[in-house]
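Below: entry.txt (compact mmCIF, C-alpha atoms and all ligand atoms)
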# COMPACT_ATOMS: atom_id res chain seq x y z
CA MET A 1 -11.78 9.83 -31.26
CA LEU A 2 -15.34 8.75 -32.04
CA GLN A 3 -18.32 11.03 -31.49
CA LEU A 4 -21.85 9.62 -31.35
CA TYR A 5 -24.79 11.97 -31.85
CA TYR A 6 -27.69 10.59 -29.83
CA TYR A 7 -31.10 11.16 -28.35
CA PRO A 8 -32.22 8.95 -25.43
CA GLY A 9 -33.72 5.63 -26.54
CA ASN A 10 -33.40 6.47 -30.24
CA ALA A 11 -31.60 4.34 -32.83
CA SER A 12 -28.36 5.73 -31.40
CA ILE A 13 -28.74 3.45 -28.38
CA THR A 14 -27.52 0.33 -30.21
CA PRO A 15 -24.15 1.79 -31.25
CA HIS A 16 -23.99 3.41 -27.79
CA MET A 17 -24.40 0.00 -26.10
CA LEU A 18 -21.84 -1.50 -28.49
CA LEU A 19 -19.27 1.19 -27.68
CA GLU A 20 -19.79 0.56 -23.97
CA GLU A 21 -19.47 -3.20 -24.46
CA LEU A 22 -16.23 -2.77 -26.39
CA GLY A 23 -14.83 -0.35 -23.81
CA VAL A 24 -13.47 1.99 -26.46
CA SER A 25 -13.18 5.71 -25.93
CA TYR A 26 -15.85 7.93 -27.45
CA GLU A 27 -17.75 11.14 -26.83
CA LEU A 28 -21.54 11.47 -26.67
CA LYS A 29 -23.13 14.46 -28.39
CA PHE A 30 -26.70 15.16 -27.30
CA VAL A 31 -29.10 16.19 -30.09
CA ASP A 32 -32.12 17.86 -28.54
CA ARG A 33 -35.05 16.60 -30.60
CA THR A 34 -37.46 18.64 -28.48
CA LYS A 35 -35.75 21.74 -29.91
CA LYS A 36 -35.59 20.19 -33.39
CA GLU A 37 -31.80 20.33 -33.30
CA HIS A 38 -31.75 17.40 -35.74
CA LYS A 39 -33.28 19.66 -38.40
CA THR A 40 -30.82 22.58 -38.03
CA PRO A 41 -28.43 23.42 -40.90
CA GLU A 42 -25.49 22.33 -38.72
CA TYR A 43 -26.95 18.87 -38.13
CA LEU A 44 -28.28 18.50 -41.69
CA ALA A 45 -24.68 19.03 -42.84
CA LEU A 46 -23.87 15.79 -40.96
CA HIS A 47 -27.04 13.88 -41.87
CA PRO A 48 -28.96 15.10 -44.93
CA SER A 49 -32.20 13.47 -43.69
CA GLY A 50 -31.87 14.97 -40.19
CA LEU A 51 -32.12 11.65 -38.36
CA ILE A 52 -30.35 10.12 -35.36
CA PRO A 53 -27.69 8.72 -35.05
CA VAL A 54 -24.56 10.12 -36.65
CA LEU A 55 -21.06 8.85 -35.90
CA ILE A 56 -17.99 10.96 -36.49
CA ASP A 57 -14.63 9.23 -36.65
CA GLY A 58 -11.53 11.41 -36.64
CA GLU A 59 -10.97 15.12 -37.01
CA GLY A 60 -10.42 17.78 -39.62
CA ALA A 61 -10.98 17.45 -43.33
CA ASP A 62 -10.33 13.70 -43.29
CA ARG A 63 -12.92 12.88 -40.65
CA LEU A 64 -15.54 10.26 -41.44
CA VAL A 65 -19.17 11.33 -41.00
CA LEU A 66 -21.48 8.33 -40.99
CA HIS A 67 -25.22 7.82 -40.75
CA GLU A 68 -27.40 4.67 -40.84
CA THR A 69 -27.37 2.74 -37.59
CA VAL A 70 -26.27 -0.56 -39.10
CA ALA A 71 -23.39 1.11 -40.97
CA VAL A 72 -22.36 2.85 -37.75
CA CYS A 73 -22.38 -0.48 -35.85
CA LEU A 74 -20.43 -2.30 -38.56
CA HIS A 75 -17.83 0.47 -38.68
CA ILE A 76 -17.41 0.28 -34.90
CA LEU A 77 -16.90 -3.50 -35.22
CA ASP A 78 -14.43 -3.03 -38.09
CA ARG A 79 -12.39 -0.73 -35.88
CA ASN A 80 -12.24 -3.52 -33.27
CA PRO A 81 -11.46 -6.58 -35.37
CA ASP A 82 -9.94 -8.55 -32.50
CA SER A 83 -12.95 -8.24 -30.24
CA GLU A 84 -15.14 -11.24 -29.41
CA TRP A 85 -17.97 -9.03 -30.66
CA THR A 86 -16.57 -9.12 -34.22
CA PRO A 87 -17.02 -12.46 -36.02
CA ALA A 88 -14.27 -13.13 -38.55
CA LEU A 89 -14.80 -11.86 -42.10
CA GLY A 90 -16.16 -14.65 -44.28
CA SER A 91 -17.27 -16.79 -41.32
CA PRO A 92 -20.83 -18.20 -41.09
CA GLU A 93 -21.35 -16.11 -37.92
CA ARG A 94 -20.43 -12.94 -39.80
CA ALA A 95 -22.90 -13.84 -42.56
CA GLN A 96 -25.66 -14.44 -40.01
CA LEU A 97 -24.82 -11.12 -38.39
CA TYR A 98 -25.31 -9.38 -41.77
CA LYS A 99 -28.59 -11.22 -42.30
CA TRP A 100 -30.14 -10.26 -38.97
CA LEU A 101 -28.91 -6.67 -39.06
CA CYS A 102 -30.33 -6.24 -42.57
CA TYR A 103 -33.62 -7.82 -41.56
CA MET A 104 -33.94 -5.71 -38.46
CA THR A 105 -33.16 -2.44 -40.19
CA ASN A 106 -34.84 -2.87 -43.58
CA THR A 107 -37.93 -4.72 -42.36
CA ILE A 108 -38.59 -4.11 -38.66
CA GLN A 109 -37.15 -0.60 -38.29
CA SER A 110 -38.87 0.59 -41.46
CA THR A 111 -42.20 -0.87 -40.30
CA TYR A 112 -41.79 0.98 -37.01
CA LEU A 113 -41.68 4.20 -39.04
CA MET A 114 -45.18 3.36 -40.35
CA TYR A 115 -46.32 2.49 -36.83
CA PHE A 116 -45.03 5.67 -35.18
CA TYR A 117 -45.41 8.09 -38.10
CA SER A 118 -48.51 6.60 -39.80
CA HIS A 119 -49.59 10.07 -41.04
CA ARG A 120 -46.54 10.12 -43.33
CA TYR A 121 -47.64 6.90 -45.07
CA THR A 122 -51.06 7.90 -46.37
CA THR A 123 -52.57 10.80 -48.27
CA ASP A 124 -55.83 10.12 -46.42
CA GLN A 125 -55.30 11.31 -42.84
CA ALA A 126 -58.57 9.67 -41.81
CA GLY A 127 -56.89 6.34 -42.58
CA LYS A 128 -53.73 6.82 -40.56
CA ASP A 129 -54.88 4.66 -37.63
CA ALA A 130 -55.46 1.79 -40.06
CA VAL A 131 -51.89 2.24 -41.35
CA ALA A 132 -50.57 2.02 -37.78
CA ALA A 133 -52.69 -1.08 -37.09
CA ALA A 134 -51.42 -2.80 -40.24
CA ALA A 135 -47.85 -1.90 -39.27
CA GLU A 136 -48.35 -3.38 -35.80
CA ALA A 137 -49.60 -6.64 -37.32
CA ARG A 138 -46.53 -6.77 -39.55
CA LEU A 139 -44.26 -6.07 -36.55
CA ASN A 140 -45.85 -8.99 -34.68
CA GLY A 141 -45.05 -11.26 -37.61
CA SER A 142 -41.44 -10.06 -37.68
CA PHE A 143 -40.99 -10.56 -33.94
CA ASP A 144 -42.39 -14.08 -34.36
CA ILE A 145 -39.56 -14.77 -36.82
CA LEU A 146 -36.94 -13.55 -34.33
CA GLU A 147 -38.62 -15.51 -31.53
CA ALA A 148 -38.36 -18.70 -33.61
CA ALA A 149 -34.72 -17.95 -34.47
CA LEU A 150 -33.95 -17.77 -30.73
CA GLU A 151 -35.44 -21.21 -30.02
CA GLY A 152 -32.93 -23.32 -28.10
CA LYS A 153 -30.15 -20.73 -28.11
CA PRO A 154 -29.28 -17.80 -25.90
CA TYR A 155 -28.41 -15.29 -28.65
CA LEU A 156 -29.40 -14.69 -32.26
CA LEU A 157 -26.05 -16.04 -33.52
CA GLY A 158 -26.12 -19.01 -31.13
CA GLU A 159 -23.78 -19.18 -28.14
CA GLN A 160 -21.99 -15.93 -28.95
CA ILE A 161 -23.55 -12.56 -28.11
CA SER A 162 -23.44 -10.00 -30.93
CA VAL A 163 -24.62 -6.57 -31.96
CA CYS A 164 -27.74 -8.30 -33.38
CA ASP A 165 -28.91 -8.91 -29.82
CA LEU A 166 -28.39 -5.26 -28.89
CA TYR A 167 -30.34 -4.27 -32.00
CA LEU A 168 -33.19 -6.58 -30.99
CA LEU A 169 -33.19 -5.06 -27.50
CA MET A 170 -33.63 -1.58 -29.02
CA LEU A 171 -36.41 -2.74 -31.36
CA SER A 172 -38.14 -4.47 -28.44
CA ARG A 173 -38.09 -1.24 -26.49
CA TRP A 174 -39.87 0.58 -29.29
CA GLY A 175 -42.65 -2.02 -29.19
CA ARG A 176 -43.27 -1.80 -25.44
CA GLY A 177 -46.57 0.00 -26.06
CA MET A 178 -47.91 -2.55 -28.55
CA THR A 179 -50.83 -4.84 -27.66
CA ARG A 180 -48.35 -7.72 -27.66
CA PRO A 181 -44.98 -6.25 -26.60
CA PRO A 182 -41.95 -8.20 -27.87
CA ARG A 183 -40.82 -8.79 -24.27
CA SER A 184 -43.94 -10.94 -23.73
CA LEU A 185 -42.53 -13.58 -26.11
CA THR A 186 -40.74 -16.39 -24.24
CA ASN A 187 -37.32 -16.47 -25.94
CA THR A 188 -37.23 -12.76 -26.73
CA GLY A 189 -38.25 -11.89 -23.18
CA ALA A 190 -35.50 -14.12 -21.76
CA LEU A 191 -32.92 -12.47 -24.04
CA ILE A 192 -34.08 -9.00 -22.99
CA GLU A 193 -33.74 -9.94 -19.30
CA ARG A 194 -30.24 -11.30 -19.90
CA LEU A 195 -29.12 -8.20 -21.81
CA LEU A 196 -30.53 -5.80 -19.23
CA GLU A 197 -28.31 -7.45 -16.61
CA ARG A 198 -25.14 -6.57 -18.53
CA PRO A 199 -23.09 -3.77 -16.90
CA ALA A 200 -22.44 -2.08 -20.27
CA VAL A 201 -26.15 -2.05 -21.12
CA LYS A 202 -26.97 -0.70 -17.66
CA ARG A 203 -24.36 2.06 -18.07
CA THR A 204 -25.77 3.03 -21.45
CA ILE A 205 -29.32 3.28 -20.13
CA GLU A 206 -28.11 5.31 -17.17
CA GLN A 207 -26.02 7.66 -19.35
CA GLU A 208 -29.02 8.30 -21.61
CA GLY A 209 -31.35 8.76 -18.65
CA VAL A 210 -33.94 6.33 -20.00
CA ALA A 211 -36.59 5.62 -17.36
CA PRO A 212 -37.64 2.02 -16.59
CA PRO A 213 -39.16 -0.21 -17.77
CA PHE A 214 -36.75 -0.29 -20.69
CA ALA A 215 -38.71 -2.74 -22.82
N1 LIG B 1 -32.36 4.60 -41.38
C1 LIG B 1 -31.96 5.40 -40.24
C2 LIG B 1 -33.22 5.77 -39.47
C3 LIG B 1 -32.89 6.63 -38.28
C4 LIG B 1 -34.17 7.18 -37.63
O1 LIG B 1 -35.29 7.07 -38.16
N2 LIG B 1 -33.98 7.81 -36.46
C5 LIG B 1 -35.12 8.39 -35.75
C6 LIG B 1 -34.92 8.21 -34.26
S1 LIG B 1 -35.02 6.52 -33.78
C7 LIG B 1 -35.18 9.87 -36.02
O2 LIG B 1 -34.16 10.51 -36.08
N3 LIG B 1 -36.41 10.41 -36.16
C8 LIG B 1 -36.61 11.82 -36.34
C9 LIG B 1 -37.54 12.11 -37.48
O3 LIG B 1 -38.08 11.19 -38.10
O4 LIG B 1 -37.72 13.31 -37.74
C10 LIG B 1 -30.98 4.63 -39.36
O5 LIG B 1 -31.08 3.41 -39.30
O6 LIG B 1 -30.11 5.25 -38.76
Please lay out the structure from this file as structure tokens.
Amino acid sequence: MLQLYYYPGNASITPHMLLEELGVSYELKFVDRTKKEHKTPEYLALHPSGLIPVLIDGEGADRLVLHETVAVCLHILDRNPDSEWTPALGSPERAQLYKWLCYMTNTIQSTYLMYFYSHRYTTDQAGKDAVAAAAEARLNGSFDILEAALEGKPYLLGEQISVCDLYLLMLSRWGRGMTRPPRSLTNTGALIERLLERPAVKRTIEQEGVAPPFA
């Protein structure tokens, strides 16, 4: 049995959507960030940085405890190798999937940290708004790259939907308060609309209790 530790709308929502899409059995474990449950000794034993999500696979001493959203998603795919969501190992689609997941986590997600937690990225608190503004400009540039990659195709990998699209949906949500929200881009906005129509995505949003508009 898989257990996913989540907080509504957090990075946990991409693996959550993926689990729903795959139709596999799993249990959701709510981590109450408002009570700082992600910084308790019990949670820090699962995730040394006290961040969300964590995935637990199995039970007892042999159980796998995994953090890092991309690693969690890839492990879920590896457990479902015959799914249409899992491009074959060594295929060009699988390579593109690695590329976009890496880009989204190591470039966009990390820039979001500077945008949302700008005070952590300067020793001069008077300059934190400038850090957030610079981060927003960088995010716009990154979303332009994804927008261009979507030109003439429905999904990031082409005709086939993948976890990359779910990841982009999550990242788009986080930018809904930006001066130029990702959903305002033509191709990205169309992808978001398409994804939000999917029953599994709707179920995930409902289970997490995320209020509209999602992105
Ligand atoms: N690199 C981690 C980042 C996870 C992350 O930053 N999660 C956020 C929620 S979206 C969090 O737990 N923030 C709490 C904090 O920074 O204290 C991953 O990809 O899983």
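Selection of all polymer residues within 6 Å of ligand LIG 1 (chain B) on the basis of only C-alpha atoms and all ligand atoms gives Asn10, Ala11, Leu51, Ile52, Pro53, His67, Glu68 and Thr69 of chain A.
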Save out the residues we just selected, C-alpha atoms, as an mmCIF file, in the coordinates of the input.
data_model
loop_
_atom_site.group_PDB
_atom_site.id
_atom_site.type_symbol
_atom_site.label_atom_id
_atom_site.label_comp_id
_atom_site.auth_asym_id
_atom_site.auth_seq_id
_atom_site.Cartn_x
_atom_site.Cartn_y
_atom_site.Cartn_z
ATOM 1 C CA ASN A 10 -33.400 6.470 -30.240
ATOM 2 C CA ALA A 11 -31.600 4.340 -32.830
ATOM 3 C CA LEU A 51 -32.120 11.650 -38.360
ATOM 4 C CA ILE A 52 -30.350 10.120 -35.360
ATOM 5 C CA PRO A 53 -27.690 8.720 -35.050
ATOM 6 C CA HIS A 67 -25.220 7.820 -40.750
ATOM 7 C CA GLU A 68 -27.400 4.670 -40.840
ATOM 8 C CA THR A 69 -27.370 2.740 -37.590
#
### Message
Ranking A:Tyr117, A:Ala149, A:His47, A:Val163 by minimum distance to Glu21 in chain A and counting all atoms listed in the file, which one comes first?
### Response
A:Val163
### Query
What does the distance between CA of Ile161 in chain A and CA of Tyr5 in chain A come to in Å, to one decimal place?
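Taking CA of Ile161 in chain A and CA of Tyr5 in chain A, their separation equals 24.8 Å.
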Write out as a PDB file with C-alpha atoms, in the frame of the given file the residues lying within 12 Å of Arg63 in chain A, counting only C-alpha atoms and excluding same-chain residues fewer than 5 positions away.
ATOM      1  CA  MET A   1     -11.780   9.830 -31.260  1.00  0.00           C
ATOM      2  CA  LEU A   2     -15.340   8.750 -32.040  1.00  0.00           C
ATOM      3  CA  GLN A   3     -18.320  11.030 -31.490  1.00  0.00           C
ATOM      4  CA  LEU A  46     -23.870  15.790 -40.960  1.00  0.00           C
ATOM      5  CA  LEU A  55     -21.060   8.850 -35.900  1.00  0.00           C
ATOM      6  CA  ILE A  56     -17.990  10.960 -36.490  1.00  0.00           C
ATOM      7  CA  ASP A  57     -14.630   9.230 -36.650  1.00  0.00           C
ATOM      8  CA  GLY A  58     -11.530  11.410 -36.640  1.00  0.00           C
TER       9      GLY A  58
END
### Query
What's the 8 Å shell around range 184-187 of chain A, counting all atoms listed in the file, without same-chain residues fewer than 6 positions away, as an MDAnalysis selection string?
chainID A and resid 147 150:151
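When CA of Tyr6 in chain A is paired with CA of Glu42 in chain A, their separation reads 14.9 Å.
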### Query
For Gln160 in chain A, which residue out of A:Gly60, A:Pro41, A:Pro87, A:Gly23 is the nearest one, using only C-alpha atoms?
A:Pro87
### Query
What is the CA of Leu4 in chain A-CA of Asn106 in chain A distance in Å, reported with one decimal?
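That distance, rounded to one decimal, is 21.8 Å.
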### A:Phe214, A:Thr122, A:Tyr103, A:Ala134 ranked by distance to Val201 in chain A, top pick (using all atoms listed in the file)
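Comparing A:Phe214, A:Thr122, A:Tyr103, A:Ala134 against Val201 in chain A, the winner is A:Phe214.
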